[in-house]
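Structure, as structure tokens:
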Amino acid sequence: MYHRYSLPLLLLLPATLHAQTTPSDTVRVLPEATVVGYGQNLPLRRTAAAVGVVNARVIGRFNEASLAEAVNTLPGVRLEERATASYRLNIRGSSLRSPYGVRNVKVYYNDIPFTDATGSTALNLLDAATIGRIEVLKGPAGSVYGAGTGGVALLSSRQPEIGTTRAQVGFTTGSYGLRRYAAVAESGTATSSIRAQYVRQTLDGYRQQSALRRDVVALDGEFRPSAKQTIGVHVLYTDIDYELPGGLTRAQFAQDPRQARPSTATAAGSVAQNTFYASRTALLGVSHEYRFTERFSNKTTLYTTGSAIRTAAITDYERNTQLGGGGRTTFNYRTALAGHTLRLTAGGELQTGFLDGRSFQNLRGRVGALRYNDEVRTLTGFGFAQADYELPADFLLTVAASYNRLRYRIARVSDATTNPDGYELTRTFRPEVSPRVALLKQLTPQWSVYGSVSTGYAPPTTDDIRTSDGSLNQELQAERGTSYEVGTRGSFLQDRLTFDIAAYDFHLDQTIVTRTTDQGVSVFYNAGTTRQRGVEATVSGWLWRSAAVATQPTALPTGVRAWASYAYQRYRFGTYESGGNDFSGNRLTGTAPHTLTAGLDATSELGFYLYPTVNHQARSPLNDANTEYAAGYWTFGSRAGWRRTLLDRLEMDVFAGVNNLTDRNYSLGNDLNAFGGRYFQPANGRNWYGGATVGWRW
């Protein structure tokens, strides 16, 4: 299993920064980071792709009430929070078609397909404290993960230290009624590990109608009954309930950003309609890895999941029951060809889903008359293959492809008696092949360059086809795109200075875009073509560091490290006409041309630490016509604390932090092409938090 024997890496902060063990980050340290996303577990310097990784230490660098700040340290990646815990993940402009939720990004959790068969991902089911590592593959570079043009996110749970048993509890309190309680029990040996965690978070909310309650239970086990076998078991249960404040106009945002969407003469507002989202979800996944020989192995994962979901929107009240399941198998083989190493990977993935979706009138947060009842069956799958060939002169050639299939069946059973011949809709998308070719040259042991060409195919989700106004969009087509990318990464001065730079040119056809109707319903349509060109860069370096402690070979120097990540995005519509308007050449809706995150990591041998951070996003267009823009903004925040192990057993972390120190009014997760100019979803104002984690290890 890769996640036990590889070192998580944050591109902004080199792997050497993460070796210290803390109550919130227990990872076995190896001398070099390993990228797992392409199946061959190669070092980052031997990976010909733009990859970003966040580990538990980086997540713990911020307030763990939200994942957004940690994920947004990666260039080209933005995790937006339209409402409390209502995440929208943007990888190189992928959120253009995501008015809410996570779409066009494939997400895996402990090798389990976390994105359901319809193409949507409920990222809010996960708590930041349960996640040990996030690896992001940007753009259509994940051919071994099937369809998609946005990217892939691989999430894994935190792992116990080998030879350690630990129990810990934690508490955090903060502004706007924040309360977090966490309890963990874990144990790790050379042949097994088990970890159980419970996290409860409640929040009154910065805005009206934005309270949250979330309970997460996670159980992860890994067992090696023999030298050839590894068995993994993962259980996740989440009970979440949060309110939906709705979008504001520019005038309302300026007047009072804390208000919810107000009522008008023609429509009730968010408070009057008691808008909210609530779900209970259970996930069970089992994996089995068998190593036939040192060169040949197989890993197979099976999972099942079920959800009961209630959503009260301005116009309707939905009660949905969703069931899903599937599996993934991967074969790995290593051999030699003409005296050089050849690594082969092949496998497949199959997912199925069933949704019983009922839409009622919303009577101020209560169920009204039935509007329609749909039964949706989804079947999707793909096969994939990849070859990595070590060529002479330190070249590495990668060739990969996936073959993808998808079918939806939507039955409007509420119309079966009145329309017996037309109440069923079947959409079968034609098979698609998504290839990828990459070539890497290692110039020195610490420096490499690469280039790649990859294609992607992203069909619409059932939420795109079946919108909450009751319509079924049978004309919506799949997106298809091709990405050209070059990059370089390396380190100098004995890892005191590291860098990672990537440039890409992405051409997308049949781009899916969204707009919001007067009833607040998001509808979708194809917008012709887009061209997305950009540059992403990260750099980090020690300003000062102490010498390693001679008596602790695995201990790493303390000191002060500066880091920064920057993304330039020149995204434009190509040929795009809609409603008699020509938007060709306009800037891509919802994308900022410049984003920057930078900070300092200061640690002392006495256990004190300080993590100041600054974020910037340039102004971005809010509609396809580019007549309305969200203003750019800078935000500042920091976390400080004292982390120490006493008596070789008692682990303590006492901390406090502040976000949005200058109390900047800005919107994190705008509603694009919103009817009536309700574009803005205000982010939290200045807010404080503090707490402590206490643990005992054996």
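By order in the structure tokens, chains are A, B, ...; within a chain, residues start at 1; ligands start at 1, following the order shown.
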For the alpha helix (DSSP H) assignment from backbone DSSP, which residues of region 449-598 of chain A qualify? Please present them as a count of residues only. 4
Please identify every residue of region 175-244 of chain A that has at least one atom no farther than 9 Å from an atom of region 62-73 of chain A, counting only C-alpha atoms, and for each give the shortest atom pair and the distance in Å to one decimal, arranged by chain then increasing number, as CSV.
residue,atom,partner,partner_atom,distance
A:Leu178,CA,A:Ala65,CA,8.3
A:Arg179,CA,A:Ala65,CA,9.0
A:Arg180,CA,A:Ala65,CA,7.6
A:Gln201,CA,A:Ala65,CA,7.5
Taking only residues of region 134-220 of chain A that have an atom at most 10 Å from an atom of region 648-669 of chain A, what is each one's shortest atom pair and its distance in Å to one decimal, using only C-alpha atoms, in chain and number order, as a Markdown table?
| residue | atom | partner | partner_atom | distance |
| --- | --- | --- | --- | --- |
| A:Arg166 | CA | A:Arg649 | CA | 9.2 |
| A:Ala167 | CA | A:Glu651 | CA | 9.9 |
| A:Gln168 | CA | A:Glu651 | CA | 8.4 |
| A:Gly170 | CA | A:Asp653 | CA | 9.1 |
| A:Phe171 | CA | A:Val654 | CA | 10.0 |
| A:Thr172 | CA | A:Phe655 | CA | 9.1 |
| A:Thr173 | CA | A:Ala656 | CA | 9.5 |
| A:Gly174 | CA | A:Gly657 | CA | 9.2 |
| A:Ser175 | CA | A:Val658 | CA | 9.6 |
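Considering the residues A:Phe608, A:Ile91, A:Leu672, A:Asn586 and counting only C-alpha atoms, Gly534 (chain A) has its shortest atom-to-atom contact with A:Ile91.
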Near-Arg88 (chain A) list (12 Å; only C-alpha atoms; drop same-chain fewer than 2 positions) as a PyMOL selection string: chain A and resi 67-68+71-72+77-86+90-91+93-105+120-124+668-671
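For the atom pair formed by CA of Ala153 (chain A) and CA of Glu135 (chain A), the distance is 5.6 Å, given to one decimal.
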DSSP on the backbone: which residues in region 33-233 of chain A end up as strand (DSSP E or B)? Give the answer as a PyMOL selection string. chain A and resi 33-35+42-43+51-55+77-83+86-91+102-103+106-109+112-113+120-121+131-138+151-157+164-174+178-188+192-203+212-226+229-233
I need the chosen residues saved as a short mmCIF file (atom, residue, chain, number, x, y, z; two decimals), in the first residue's frame, with C-alpha atoms.
data_model
loop_
_atom_site.label_atom_id
_atom_site.label_comp_id
_atom_site.auth_asym_id
_atom_site.auth_seq_id
_atom_site.Cartn_x
_atom_site.Cartn_y
_atom_site.Cartn_z
CA ALA A 33 8.46 12.35 -1.90
CA THR A 34 6.53 9.87 -4.03
CA VAL A 35 3.66 10.66 -6.41
CA LEU A 42 7.58 7.39 -8.92
CA PRO A 43 9.41 10.28 -7.23
CA VAL A 51 0.93 17.59 -9.47
CA GLY A 52 0.13 19.34 -6.21
CA VAL A 53 0.06 17.68 -2.81
CA VAL A 54 -1.19 18.82 0.59
CA ASN A 55 -0.56 16.68 3.66
CA VAL A 77 -6.46 25.11 -7.64
CA ARG A 78 -9.22 26.99 -5.79
CA LEU A 79 -11.59 25.49 -3.24
CA GLU A 80 -14.49 27.89 -2.88
CA GLU A 81 -17.08 27.90 -0.11
CA ARG A 82 -20.35 29.44 -1.34
CA ALA A 83 -22.03 28.68 1.98
CA SER A 86 -20.83 24.06 0.48
CA TYR A 87 -17.60 23.44 -1.44
CA ARG A 88 -16.88 24.08 -5.10
CA LEU A 89 -13.52 22.83 -6.43
CA ASN A 90 -11.92 24.72 -9.31
CA ILE A 91 -8.90 23.19 -11.09
CA VAL A 102 -17.87 19.47 -7.21
CA ARG A 103 -18.21 18.51 -10.87
CA LYS A 106 -12.79 13.00 -10.23
CA VAL A 107 -12.25 12.42 -6.50
CA TYR A 108 -10.99 9.24 -4.80
CA TYR A 109 -10.95 8.52 -1.06
CA ILE A 112 -12.40 4.34 -3.43
CA PRO A 113 -14.23 6.27 -6.18
CA SER A 120 -20.92 14.70 -8.75
CA THR A 121 -18.87 14.72 -5.54
CA ILE A 131 -7.62 13.70 5.78
CA GLY A 132 -3.92 12.90 5.76
CA ARG A 133 -3.09 13.70 2.16
CA ILE A 134 -4.60 15.33 -0.94
CA GLU A 135 -2.87 14.80 -4.28
CA VAL A 136 -4.20 16.85 -7.21
CA LEU A 137 -3.57 15.96 -10.86
CA LYS A 138 -4.36 19.07 -12.89
CA GLY A 151 -8.51 16.99 -13.02
CA VAL A 152 -8.29 14.33 -10.32
CA ALA A 153 -8.04 14.65 -6.52
CA LEU A 154 -6.75 11.67 -4.53
CA LEU A 155 -7.57 11.84 -0.82
CA SER A 156 -6.33 9.47 1.86
CA SER A 157 -6.91 9.15 5.58
CA THR A 164 2.66 3.52 18.40
CA THR A 165 -0.72 3.49 20.08
CA ARG A 166 -2.29 6.89 20.60
CA ALA A 167 -5.44 8.47 21.99
CA GLN A 168 -6.16 12.18 21.71
CA VAL A 169 -8.91 14.73 22.09
CA GLY A 170 -9.19 18.26 20.76
CA PHE A 171 -11.39 21.31 21.06
CA THR A 172 -11.59 24.48 18.98
CA THR A 173 -13.73 27.57 19.54
CA GLY A 174 -14.00 30.67 17.40
CA LEU A 178 -17.62 27.94 15.96
CA ARG A 179 -17.29 24.80 18.09
CA ARG A 180 -15.24 21.72 17.12
CA TYR A 181 -14.76 18.55 19.12
CA ALA A 182 -12.52 15.70 17.96
CA ALA A 183 -11.50 12.34 19.41
CA VAL A 184 -9.03 9.86 17.92
CA ALA A 185 -7.83 6.38 18.86
CA GLU A 186 -5.22 4.66 16.72
CA SER A 187 -2.62 1.94 16.76
CA GLY A 188 0.01 0.83 14.27
CA SER A 192 -1.53 -3.82 10.85
CA SER A 193 -2.97 -0.42 11.67
CA ILE A 194 -6.34 0.86 12.80
CA ARG A 195 -7.64 4.37 13.31
CA ALA A 196 -11.02 5.55 14.59
CA GLN A 197 -12.01 9.22 14.65
CA TYR A 198 -15.07 11.26 15.54
CA VAL A 199 -15.41 14.98 14.73
CA ARG A 200 -18.34 17.25 15.52
CA GLN A 201 -18.51 20.82 14.24
CA THR A 202 -21.20 23.43 14.81
CA LEU A 203 -21.35 27.04 13.62
CA LEU A 212 -23.93 24.34 10.30
CA ARG A 213 -23.86 21.05 12.17
CA ARG A 214 -21.72 18.14 11.00
CA ASP A 215 -20.85 14.83 12.64
CA VAL A 216 -18.24 12.60 10.99
CA VAL A 217 -17.20 9.09 12.03
CA ALA A 218 -14.26 7.50 10.20
CA LEU A 219 -12.81 4.04 10.72
CA ASP A 220 -9.76 2.92 8.74
CA GLY A 221 -7.91 -0.36 9.03
CA GLU A 222 -5.05 -1.97 7.16
CA PHE A 223 -3.93 -5.54 7.69
CA ARG A 224 -1.19 -7.70 6.18
CA PRO A 225 -2.06 -11.34 6.81
CA SER A 226 1.00 -12.42 4.80
CA GLN A 229 -1.27 -9.53 0.90
CA THR A 230 -2.61 -6.25 2.22
CA ILE A 231 -6.26 -5.75 3.11
CA GLY A 232 -7.78 -2.32 3.71
CA VAL A 233 -11.16 -1.50 5.24
#
Have a look at A:Phe499, A:Trp447, A:Tyr333, A:Phe506 and name the one nearest to Arg480 (chain A); count only C-alpha atoms. A:Phe506
Residue nearest Pro593 (chain A) among A:Tyr571, A:Phe384, A:Tyr525, A:Tyr633 (counting only C-alpha atoms): A:Tyr571
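The residue that comes closest to Thr130 (chain A), out of A:Ala117, A:Val144, A:Ile240, A:Ala56 and on the basis of only C-alpha atoms, is A:Ala56.
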From CA of Arg46 (chain A) to CA of His288 (chain A) the spacing works out at 27.2 Å
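CA of Leu302 (chain A) is found 26.2 Å from CA of Ile162 (chain A).
Take the candidates A:Tyr403, A:Gly676, A:Gln494, A:Ala369 and check each one against Pro445 (chain A) using only C-alpha atoms; the shortest distance goes to A:Gln494.
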Can you tell me which residues surround Ala254 (chain A) at a distance of at most 12 Å, considering only C-alpha atoms, apart from same-chain residues fewer than 2 positions away, and format the answer as a compact mmCIF listing (two decimals) with all heavy atoms, in the first residue's frame?
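selection12.txt written:
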# COMPACT_ATOMS: atom_id res chain seq x y z
N LEU A 248 -26.47 37.51 -3.23
CA LEU A 248 -26.84 38.91 -3.07
C LEU A 248 -26.49 39.70 -4.32
O LEU A 248 -25.55 39.35 -5.04
CB LEU A 248 -26.12 39.52 -1.87
CG LEU A 248 -26.33 38.89 -0.49
CD1 LEU A 248 -25.50 39.63 0.55
CD2 LEU A 248 -27.80 38.87 -0.11
N THR A 249 -27.22 40.78 -4.54
CA THR A 249 -26.86 41.72 -5.59
C THR A 249 -25.68 42.58 -5.09
O THR A 249 -25.33 42.56 -3.90
CB THR A 249 -28.03 42.63 -5.95
OG1 THR A 249 -28.34 43.47 -4.83
CG2 THR A 249 -29.26 41.81 -6.34
N ARG A 250 -25.10 43.33 -5.99
CA ARG A 250 -23.98 44.19 -5.60
C ARG A 250 -24.42 45.22 -4.54
O ARG A 250 -23.68 45.49 -3.58
CB ARG A 250 -23.40 44.90 -6.82
CG ARG A 250 -22.10 45.66 -6.55
CD ARG A 250 -21.58 46.33 -7.80
NE ARG A 250 -21.29 45.38 -8.85
CZ ARG A 250 -20.14 44.70 -8.97
NH1 ARG A 250 -19.18 44.86 -8.07
NH2 ARG A 250 -19.95 43.87 -9.96
N ALA A 251 -25.60 45.78 -4.71
CA ALA A 251 -26.08 46.77 -3.74
C ALA A 251 -26.32 46.13 -2.38
O ALA A 251 -25.99 46.71 -1.33
CB ALA A 251 -27.36 47.43 -4.26
N GLN A 252 -26.92 44.95 -2.37
CA GLN A 252 -27.16 44.26 -1.10
C GLN A 252 -25.85 43.86 -0.43
O GLN A 252 -25.71 43.96 0.79
CB GLN A 252 -28.02 43.01 -1.36
CG GLN A 252 -29.44 43.33 -1.80
CD GLN A 252 -30.14 42.13 -2.41
OE1 GLN A 252 -29.52 41.10 -2.69
NE2 GLN A 252 -31.44 42.25 -2.63
N ASP A 256 -25.05 45.27 3.35
CA ASP A 256 -24.90 44.37 4.50
C ASP A 256 -24.53 42.98 3.99
O ASP A 256 -25.41 42.19 3.64
CB ASP A 256 -26.20 44.31 5.31
CG ASP A 256 -26.07 43.39 6.52
OD1 ASP A 256 -24.94 42.97 6.83
OD2 ASP A 256 -27.12 43.07 7.14
N PRO A 257 -23.24 42.64 3.98
CA PRO A 257 -22.85 41.33 3.46
C PRO A 257 -23.30 40.17 4.34
O PRO A 257 -23.24 39.02 3.89
CB PRO A 257 -21.32 41.42 3.41
CG PRO A 257 -20.96 42.47 4.42
CD PRO A 257 -22.09 43.46 4.38
N ARG A 258 -23.78 40.46 5.55
CA ARG A 258 -24.18 39.38 6.46
C ARG A 258 -25.63 38.96 6.27
O ARG A 258 -26.08 37.98 6.87
CB ARG A 258 -23.92 39.77 7.90
CG ARG A 258 -22.49 40.13 8.21
CD ARG A 258 -22.21 40.27 9.69
NE ARG A 258 -22.40 39.01 10.40
CZ ARG A 258 -22.08 38.82 11.68
NH1 ARG A 258 -21.55 39.82 12.38
NH2 ARG A 258 -22.29 37.66 12.28
N GLN A 259 -26.37 39.68 5.45
CA GLN A 259 -27.77 39.32 5.25
C GLN A 259 -27.90 38.13 4.30
O GLN A 259 -27.04 37.87 3.45
CB GLN A 259 -28.55 40.51 4.69
CG GLN A 259 -28.13 40.94 3.29
CD GLN A 259 -28.94 42.10 2.77
OE1 GLN A 259 -30.18 42.08 2.79
NE2 GLN A 259 -28.25 43.15 2.31
N ALA A 631 -14.69 42.28 -7.55
CA ALA A 631 -13.45 43.00 -7.27
C ALA A 631 -12.37 42.03 -6.77
O ALA A 631 -12.65 41.01 -6.14
CB ALA A 631 -13.70 44.07 -6.21
N ARG A 664 -11.75 42.28 5.19
CA ARG A 664 -12.05 42.59 3.79
C ARG A 664 -13.39 41.98 3.40
O ARG A 664 -13.66 40.83 3.68
CB ARG A 664 -10.94 42.02 2.89
CG ARG A 664 -11.16 42.24 1.40
CD ARG A 664 -10.81 43.66 1.03
NE ARG A 664 -10.58 43.82 -0.39
CZ ARG A 664 -11.51 44.17 -1.28
NH1 ARG A 664 -12.75 44.37 -0.87
NH2 ARG A 664 -11.21 44.32 -2.55
N ASN A 665 -14.24 42.77 2.74
CA ASN A 665 -15.49 42.25 2.19
C ASN A 665 -15.23 41.68 0.80
O ASN A 665 -14.83 42.39 -0.12
CB ASN A 665 -16.54 43.36 2.09
CG ASN A 665 -17.09 43.77 3.44
OD1 ASN A 665 -17.06 42.98 4.39
ND2 ASN A 665 -17.57 44.99 3.55
N TYR A 666 -15.41 40.37 0.67
CA TYR A 666 -15.20 39.73 -0.63
C TYR A 666 -16.11 38.51 -0.72
O TYR A 666 -16.69 38.06 0.27
CB TYR A 666 -13.74 39.33 -0.82
CG TYR A 666 -13.26 38.21 0.06
CD1 TYR A 666 -13.12 36.92 -0.45
CD2 TYR A 666 -12.92 38.43 1.40
CE1 TYR A 666 -12.67 35.89 0.36
CE2 TYR A 666 -12.48 37.41 2.20
CZ TYR A 666 -12.35 36.14 1.69
OH TYR A 666 -11.91 35.12 2.49
N SER A 667 -16.22 37.98 -1.92
CA SER A 667 -17.09 36.84 -2.17
C SER A 667 -16.24 35.65 -2.57
O SER A 667 -15.45 35.72 -3.50
CB SER A 667 -18.09 37.17 -3.29
OG SER A 667 -18.94 36.07 -3.58
N PHE A 680 -23.24 37.42 -5.63
CA PHE A 680 -22.28 37.42 -4.54
C PHE A 680 -22.68 36.51 -3.39
O PHE A 680 -23.81 36.57 -2.89
CB PHE A 680 -22.06 38.86 -4.03
CG PHE A 680 -21.59 39.79 -5.11
CD1 PHE A 680 -22.49 40.61 -5.79
CD2 PHE A 680 -20.25 39.83 -5.46
CE1 PHE A 680 -22.05 41.46 -6.79
CE2 PHE A 680 -19.81 40.68 -6.46
CZ PHE A 680 -20.71 41.50 -7.13
N GLN A 681 -21.72 35.69 -2.94
CA GLN A 681 -21.85 34.84 -1.75
C GLN A 681 -20.75 35.28 -0.78
O GLN A 681 -19.63 34.78 -0.81
CB GLN A 681 -21.68 33.37 -2.14
CG GLN A 681 -22.71 32.84 -3.10
CD GLN A 681 -23.96 32.35 -2.38
OE1 GLN A 681 -24.02 32.37 -1.15
NE2 GLN A 681 -24.95 31.92 -3.14
N PRO A 682 -21.03 36.25 0.08
CA PRO A 682 -19.98 36.85 0.92
C PRO A 682 -19.25 35.83 1.80
O PRO A 682 -19.85 34.94 2.39
CB PRO A 682 -20.75 37.85 1.78
CG PRO A 682 -21.96 38.18 0.97
CD PRO A 682 -22.33 36.91 0.26
Find the residues near region 425-432 of chain A: any atom within 10 Å, counting only C-alpha atoms, skip ones fewer than 4 places away on the same chain, and give them as a PyMOL selection string. chain A and resi 146-147+376-380+382+402-412+456-460+465+472+474+477-478+480
Output the selection as a compact mmCIF listing (two decimals), in the first residue's frame - N, CA, C and O atoms for each residue.
# COMPACT_ATOMS: atom_id res chain seq x y z
N GLY A 146 -10.04 7.70 -16.10
CA GLY A 146 -11.21 7.77 -16.94
C GLY A 146 -11.56 9.16 -17.40
O GLY A 146 -10.70 10.03 -17.58
N ALA A 147 -12.88 9.39 -17.60
CA ALA A 147 -13.37 10.62 -18.19
C ALA A 147 -13.12 11.82 -17.28
O ALA A 147 -13.12 11.71 -16.05
N VAL A 376 -33.56 7.56 -11.34
CA VAL A 376 -32.40 7.73 -12.22
C VAL A 376 -31.45 6.56 -12.00
O VAL A 376 -31.00 6.32 -10.87
N ARG A 377 -31.13 5.86 -13.08
CA ARG A 377 -30.15 4.78 -13.03
C ARG A 377 -28.96 5.16 -13.89
O ARG A 377 -29.12 5.59 -15.04
N THR A 378 -27.77 5.00 -13.33
CA THR A 378 -26.55 5.39 -14.02
C THR A 378 -25.58 4.22 -14.03
O THR A 378 -25.40 3.54 -13.02
N LEU A 379 -24.96 4.00 -15.18
CA LEU A 379 -23.93 2.98 -15.31
C LEU A 379 -22.76 3.59 -16.07
O LEU A 379 -22.93 4.11 -17.18
N THR A 380 -21.59 3.56 -15.46
CA THR A 380 -20.41 4.13 -16.12
C THR A 380 -19.21 3.25 -15.81
O THR A 380 -19.13 2.59 -14.77
N PHE A 382 -14.81 2.32 -17.32
CA PHE A 382 -13.73 2.54 -18.26
C PHE A 382 -12.64 1.51 -18.03
O PHE A 382 -12.49 0.94 -16.94
N SER A 402 -7.40 5.70 -21.79
CA SER A 402 -8.57 5.08 -21.16
C SER A 402 -9.70 5.03 -22.18
O SER A 402 -9.79 5.87 -23.09
N TYR A 403 -10.57 4.04 -22.03
CA TYR A 403 -11.73 3.84 -22.90
C TYR A 403 -12.96 3.95 -22.02
O TYR A 403 -13.13 3.19 -21.07
N ASN A 404 -13.85 4.93 -22.30
CA ASN A 404 -14.91 5.32 -21.37
C ASN A 404 -16.30 5.08 -21.94
O ASN A 404 -16.57 5.36 -23.12
N ARG A 405 -17.21 4.62 -21.05
CA ARG A 405 -18.62 4.42 -21.40
C ARG A 405 -19.51 5.04 -20.31
O ARG A 405 -19.14 5.03 -19.13
N LEU A 406 -20.69 5.53 -20.72
CA LEU A 406 -21.62 6.14 -19.77
C LEU A 406 -23.04 6.05 -20.30
O LEU A 406 -23.30 6.30 -21.49
N ARG A 407 -23.97 5.67 -19.38
CA ARG A 407 -25.39 5.63 -19.75
C ARG A 407 -26.25 6.10 -18.59
O ARG A 407 -26.05 5.69 -17.44
N TYR A 408 -27.21 7.01 -18.89
CA TYR A 408 -28.21 7.44 -17.93
C TYR A 408 -29.58 6.90 -18.36
O TYR A 408 -29.90 6.88 -19.55
N ARG A 409 -30.38 6.52 -17.37
CA ARG A 409 -31.78 6.21 -17.61
C ARG A 409 -32.61 6.97 -16.59
O ARG A 409 -32.48 6.75 -15.38
N ILE A 410 -33.44 7.90 -17.06
CA ILE A 410 -34.25 8.74 -16.20
C ILE A 410 -35.72 8.43 -16.46
O ILE A 410 -36.20 8.56 -17.60
N ALA A 411 -36.41 8.00 -15.42
CA ALA A 411 -37.84 7.68 -15.54
C ALA A 411 -38.61 8.65 -14.65
O ALA A 411 -38.44 8.64 -13.42
N ARG A 412 -39.46 9.48 -15.25
CA ARG A 412 -40.31 10.39 -14.48
C ARG A 412 -41.58 9.63 -14.13
O ARG A 412 -42.60 9.69 -14.81
N GLY A 456 -9.11 14.90 -22.90
CA GLY A 456 -10.12 14.61 -21.90
C GLY A 456 -11.51 14.63 -22.49
O GLY A 456 -11.77 15.28 -23.51
N TYR A 457 -12.41 13.93 -21.82
CA TYR A 457 -13.80 13.81 -22.24
C TYR A 457 -14.64 13.88 -20.98
O TYR A 457 -14.42 13.12 -20.03
N ALA A 458 -15.57 14.82 -20.90
CA ALA A 458 -16.35 15.03 -19.68
C ALA A 458 -17.83 15.15 -20.03
O ALA A 458 -18.30 16.21 -20.47
N PRO A 459 -18.60 14.07 -19.85
CA PRO A 459 -20.04 14.15 -20.12
C PRO A 459 -20.75 14.94 -19.04
O PRO A 459 -20.24 15.10 -17.93
N PRO A 460 -21.94 15.44 -19.32
CA PRO A 460 -22.70 16.16 -18.29
C PRO A 460 -23.13 15.21 -17.17
O PRO A 460 -23.34 14.01 -17.39
N ILE A 465 -28.31 17.55 -16.54
CA ILE A 465 -29.41 17.16 -17.43
C ILE A 465 -30.76 17.36 -16.75
O ILE A 465 -31.73 17.82 -17.36
N LEU A 472 -35.76 18.45 -18.40
CA LEU A 472 -34.76 17.44 -18.76
C LEU A 472 -34.06 17.91 -20.02
O LEU A 472 -34.67 18.02 -21.08
N GLN A 474 -32.10 17.29 -22.94
CA GLN A 474 -31.66 16.18 -23.78
C GLN A 474 -30.63 16.60 -24.81
O GLN A 474 -30.05 15.75 -25.49
N GLN A 477 -24.37 18.27 -24.57
CA GLN A 477 -23.33 17.38 -25.08
C GLN A 477 -22.12 17.34 -24.14
O GLN A 477 -21.93 18.22 -23.31
N ALA A 478 -21.30 16.32 -24.30
CA ALA A 478 -20.09 16.17 -23.50
C ALA A 478 -19.01 17.16 -23.96
O ALA A 478 -18.94 17.51 -25.14
N ARG A 480 -15.05 18.05 -24.71
CA ARG A 480 -13.85 17.35 -25.15
C ARG A 480 -12.73 18.37 -25.26
O ARG A 480 -12.92 19.46 -25.79
